[in-house]
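Text of the file coords_20.cif, holding mmCIF, C-alpha atoms, pLDDT in the B column; chains and numbers go by the auth columns:
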data_entry
#
loop_
_atom_site.group_PDB
_atom_site.id
_atom_site.type_symbol
_atom_site.label_atom_id
_atom_site.label_comp_id
_atom_site.label_asym_id
_atom_site.label_seq_id
_atom_site.Cartn_x
_atom_site.Cartn_y
_atom_site.Cartn_z
_atom_site.B_iso_or_equiv
_atom_site.auth_seq_id
_atom_site.auth_asym_id
ATOM 1 C CA ARG A 1 0.103 -11.933 -9.783 88.00 1 A
ATOM 2 C CA LEU A 2 -1.734 -12.992 -12.902 89.00 2 A
ATOM 3 C CA GLU A 3 -0.520 -13.114 -16.477 89.00 3 A
ATOM 4 C CA GLY A 4 1.736 -10.353 -17.748 89.00 4 A
ATOM 5 C CA ASP A 5 1.641 -7.239 -15.626 90.00 5 A
ATOM 6 C CA GLN A 6 -1.792 -7.961 -14.129 94.00 6 A
ATOM 7 C CA LEU A 7 -2.507 -8.410 -10.414 94.00 7 A
ATOM 8 C CA HIS A 8 -5.544 -9.648 -8.537 95.00 8 A
ATOM 9 C CA LEU A 9 -6.031 -7.530 -5.427 92.00 9 A
ATOM 10 C CA SER A 10 -8.285 -8.331 -2.509 89.00 10 A
ATOM 11 C CA LEU A 11 -8.721 -5.757 0.266 88.00 11 A
ATOM 12 C CA ARG A 12 -9.864 -7.062 3.628 84.00 12 A
ATOM 13 C CA ASN A 13 -11.093 -5.257 6.727 84.00 13 A
ATOM 14 C CA TYR A 14 -10.226 -6.689 10.135 79.00 14 A
ATOM 15 C CA PRO A 15 -11.832 -5.879 13.496 73.00 15 A
ATOM 16 C CA ASP A 16 -8.321 -5.458 14.933 68.00 16 A
ATOM 17 C CA TRP A 17 -4.795 -5.510 13.535 63.00 17 A
ATOM 18 C CA LEU A 18 -4.010 -9.026 12.320 53.00 18 A
ATOM 19 C CA SER A 19 -0.356 -8.547 13.310 59.00 19 A
ATOM 20 C CA SER A 20 -1.357 -7.752 16.901 63.00 20 A
ATOM 21 C CA GLY A 21 -2.417 -11.350 17.396 65.00 21 A
ATOM 22 C CA ASN A 22 -5.908 -10.243 18.444 69.00 22 A
ATOM 23 C CA CYS A 23 -7.614 -11.735 15.399 69.00 23 A
ATOM 24 C CA GLN A 24 -7.206 -14.455 12.808 71.00 24 A
ATOM 25 C CA GLU A 25 -6.971 -14.038 9.053 70.00 25 A
ATOM 26 C CA SER A 26 -10.410 -15.664 8.805 75.00 26 A
ATOM 27 C CA ASP A 27 -11.854 -12.786 10.891 75.00 27 A
ATOM 28 C CA GLY A 28 -11.363 -10.452 7.939 79.00 28 A
ATOM 29 C CA GLU A 29 -14.114 -9.355 5.604 86.00 29 A
ATOM 30 C CA ASP A 30 -13.579 -8.690 1.888 88.00 30 A
ATOM 31 C CA VAL A 31 -14.344 -5.065 1.092 92.00 31 A
ATOM 32 C CA ALA A 32 -13.024 -4.879 -2.478 92.00 32 A
ATOM 33 C CA GLN A 33 -11.536 -7.073 -5.175 93.00 33 A
ATOM 34 C CA GLY A 34 -10.301 -6.430 -8.637 94.00 34 A
ATOM 35 C CA ARG A 35 -7.629 -6.588 -11.282 95.00 35 A
ATOM 36 C CA LEU A 36 -5.073 -3.927 -11.961 94.00 36 A
ATOM 37 C CA THR A 37 -1.626 -3.533 -13.438 94.00 37 A
ATOM 38 C CA VAL A 38 1.552 -3.649 -11.390 94.00 38 A
ATOM 39 C CA HIS A 39 2.152 -0.015 -12.357 95.00 39 A
ATOM 40 C CA SER A 40 -1.293 1.057 -11.155 94.00 40 A
ATOM 41 C CA PHE A 41 -0.760 -0.741 -7.847 94.00 41 A
ATOM 42 C CA VAL A 42 2.670 0.791 -7.247 96.00 42 A
ATOM 43 C CA GLN A 43 1.341 4.248 -8.216 96.00 43 A
ATOM 44 C CA ALA A 44 -1.628 3.928 -5.830 95.00 44 A
ATOM 45 C CA VAL A 45 0.557 2.817 -2.902 96.00 45 A
ATOM 46 C CA TYR A 46 3.084 5.587 -3.580 97.00 46 A
ATOM 47 C CA GLU A 47 0.346 8.237 -3.713 97.00 47 A
ATOM 48 C CA ALA A 48 -1.382 6.912 -0.574 96.00 48 A
ATOM 49 C CA MET A 49 1.912 7.044 1.327 96.00 49 A
ATOM 50 C CA GLY A 50 2.398 10.610 0.103 97.00 50 A
ATOM 51 C CA ARG A 51 -1.048 11.605 1.363 97.00 51 A
ATOM 52 C CA LEU A 52 -0.350 10.003 4.754 95.00 52 A
ATOM 53 C CA ILE A 53 2.877 11.931 5.271 96.00 53 A
ATOM 54 C CA ALA A 54 1.327 15.165 3.993 96.00 54 A
ATOM 55 C CA GLN A 55 -1.625 14.787 6.349 96.00 55 A
ATOM 56 C CA HIS A 56 0.178 13.616 9.482 96.00 56 A
ATOM 57 C CA GLY A 57 3.823 14.632 9.072 96.00 57 A
ATOM 58 C CA ARG A 58 6.607 12.348 10.257 94.00 58 A
ATOM 59 C CA ALA A 59 5.992 12.891 13.961 95.00 59 A
ATOM 60 C CA GLY A 60 2.232 12.494 13.577 96.00 60 A
ATOM 61 C CA TYR A 61 2.649 9.321 11.552 94.00 61 A
ATOM 62 C CA GLU A 62 4.944 7.801 14.173 94.00 62 A
ATOM 63 C CA ALA A 63 2.639 8.823 17.025 94.00 63 A
ATOM 64 C CA ARG A 64 -0.375 7.288 15.312 91.00 64 A
ATOM 65 C CA TRP A 65 1.172 4.035 14.027 87.00 65 A
ATOM 66 C CA GLN A 66 3.979 3.622 16.587 89.00 66 A
ATOM 67 C CA GLU A 67 6.458 3.155 13.739 91.00 67 A
ATOM 68 C CA PRO A 68 8.586 5.588 11.759 95.00 68 A
ATOM 69 C CA PHE A 69 7.314 6.499 8.301 96.00 69 A
ATOM 70 C CA PRO A 70 8.775 4.009 5.784 96.00 70 A
ATOM 71 C CA GLN A 71 10.720 6.671 3.895 96.00 71 A
ATOM 72 C CA ALA A 72 13.146 4.261 2.192 97.00 72 A
ATOM 73 C CA GLU A 73 10.248 2.208 0.854 97.00 73 A
ATOM 74 C CA HIS A 74 8.445 5.348 -0.345 97.00 74 A
ATOM 75 C CA GLU A 75 11.590 6.437 -2.178 97.00 75 A
ATOM 76 C CA ALA A 76 12.000 2.938 -3.670 98.00 76 A
ATOM 77 C CA LEU A 77 8.465 3.143 -5.075 97.00 77 A
ATOM 78 C CA ARG A 78 9.242 6.573 -6.559 97.00 78 A
ATOM 79 C CA ALA A 79 12.407 5.185 -8.168 97.00 79 A
ATOM 80 C CA TRP A 80 10.495 2.202 -9.577 96.00 80 A
ATOM 81 C CA LEU A 81 7.892 4.535 -11.076 96.00 81 A
ATOM 82 C CA LYS A 82 10.609 6.633 -12.705 95.00 82 A
ATOM 83 C CA GLN A 83 12.147 3.498 -14.225 95.00 83 A
ATOM 84 C CA HIS A 84 8.776 2.172 -15.388 93.00 84 A
ATOM 85 C CA PRO A 85 6.822 5.124 -16.810 87.00 85 A
ATOM 86 C CA HIS A 86 3.188 4.398 -17.535 76.00 86 A
ATOM 87 C CA HIS A 87 2.190 4.744 -21.151 65.00 87 A
ATOM 88 C CA ALA A 88 -1.576 4.984 -21.535 54.00 88 A
#
Output the structure of this file as structure tokens.
Amino acid sequence: RLEGDQLHLSLRNYPDWLSSGNCQESDGEDVAQGRLTVHSFVQAVYEAMGRLIAQHGRAGYEARWQEPFPQAEHEALRAWLKQHPHHA
């Protein structure tokens, strides 16, 4: 987090899941960097989660990622967005 409501975001691509233990953090490659607001970040994550569940459904999501869809987290993001409306 930077000053105010600004974030610095760095997206990295890994040859394998970092959490699987098959690669190190240093194996990642930067694919994008930039600044954005907290609101923009929360909105983007919320929308991406919505697209995932719309595309795969709950069963398809779980089959693909071997984890249940994080519904509580998705709802928490929606609630945060309702409490913090974006004013352009």
Fill in: Counting all atoms listed in the file, the residue of A:Gln71, A:Gln43, A:Gln66, A:Thr37 that sits nearest A:Leu2
A:Thr37
Fill in: Between atom CA of A:Ala79 and atom CA of A:Arg51 - distance in Å to one decimal
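The value is 17.7 Å.
The closest residue to A:Val45, picked from A:Gly60, A:Gly28, A:Leu11, A:His74 and counting only C-alpha atoms, is A:His74.
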Where does the PyMOL selection byres ((chain A and resi 35) around 9) land in this file, that is, which residues does it pick, as an mmCIF file with C-alpha atoms, keeping the file's coordinate frame?
data_model
loop_
_atom_site.group_PDB
_atom_site.id
_atom_site.type_symbol
_atom_site.label_atom_id
_atom_site.label_comp_id
_atom_site.auth_asym_id
_atom_site.auth_seq_id
_atom_site.Cartn_x
_atom_site.Cartn_y
_atom_site.Cartn_z
ATOM 1 C CA LEU A 2 -1.734 -12.992 -12.902
ATOM 2 C CA GLN A 6 -1.792 -7.961 -14.129
ATOM 3 C CA LEU A 7 -2.507 -8.410 -10.414
ATOM 4 C CA HIS A 8 -5.544 -9.648 -8.537
ATOM 5 C CA LEU A 9 -6.031 -7.530 -5.427
ATOM 6 C CA SER A 10 -8.285 -8.331 -2.509
ATOM 7 C CA GLN A 33 -11.536 -7.073 -5.175
ATOM 8 C CA GLY A 34 -10.301 -6.430 -8.637
ATOM 9 C CA LEU A 36 -5.073 -3.927 -11.961
ATOM 10 C CA THR A 37 -1.626 -3.533 -13.438
#
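Atom CA of A:Ile53 sits 23.6 Å away from atom CA of A:His84.
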Item to complete: Find the residues with any atom within 12 Å of (11.5, 9.3, 0.4); use only C-alpha atoms and the coordinates as given in the file, and write the answer as a ChimeraX atom specification.
Response: /A:46-47,49-50,53,58,69-79
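Our summary of the geometry notes that atom CA of A:Pro85 is positioned 13.9 Å from atom CA of A:Ala44.
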Discussion item. Show me the residues close to (-12.7, -12.0, 4.1) - anything with an atom within 9 Å, counting only C-alpha atoms - and format the list as a ChimeraX atom specification.
Written reply: /A:10-14,25-31
Worksheet item: Given the choices A:Arg1, A:Arg64, A:His56, A:His86, which gets closest to A:His39 if the distance is worked out from only C-alpha atoms?
Response: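 Going through A:Arg1, A:Arg64, A:His56, A:His86 one by one, the smallest distance to A:His39 is for A:His86.
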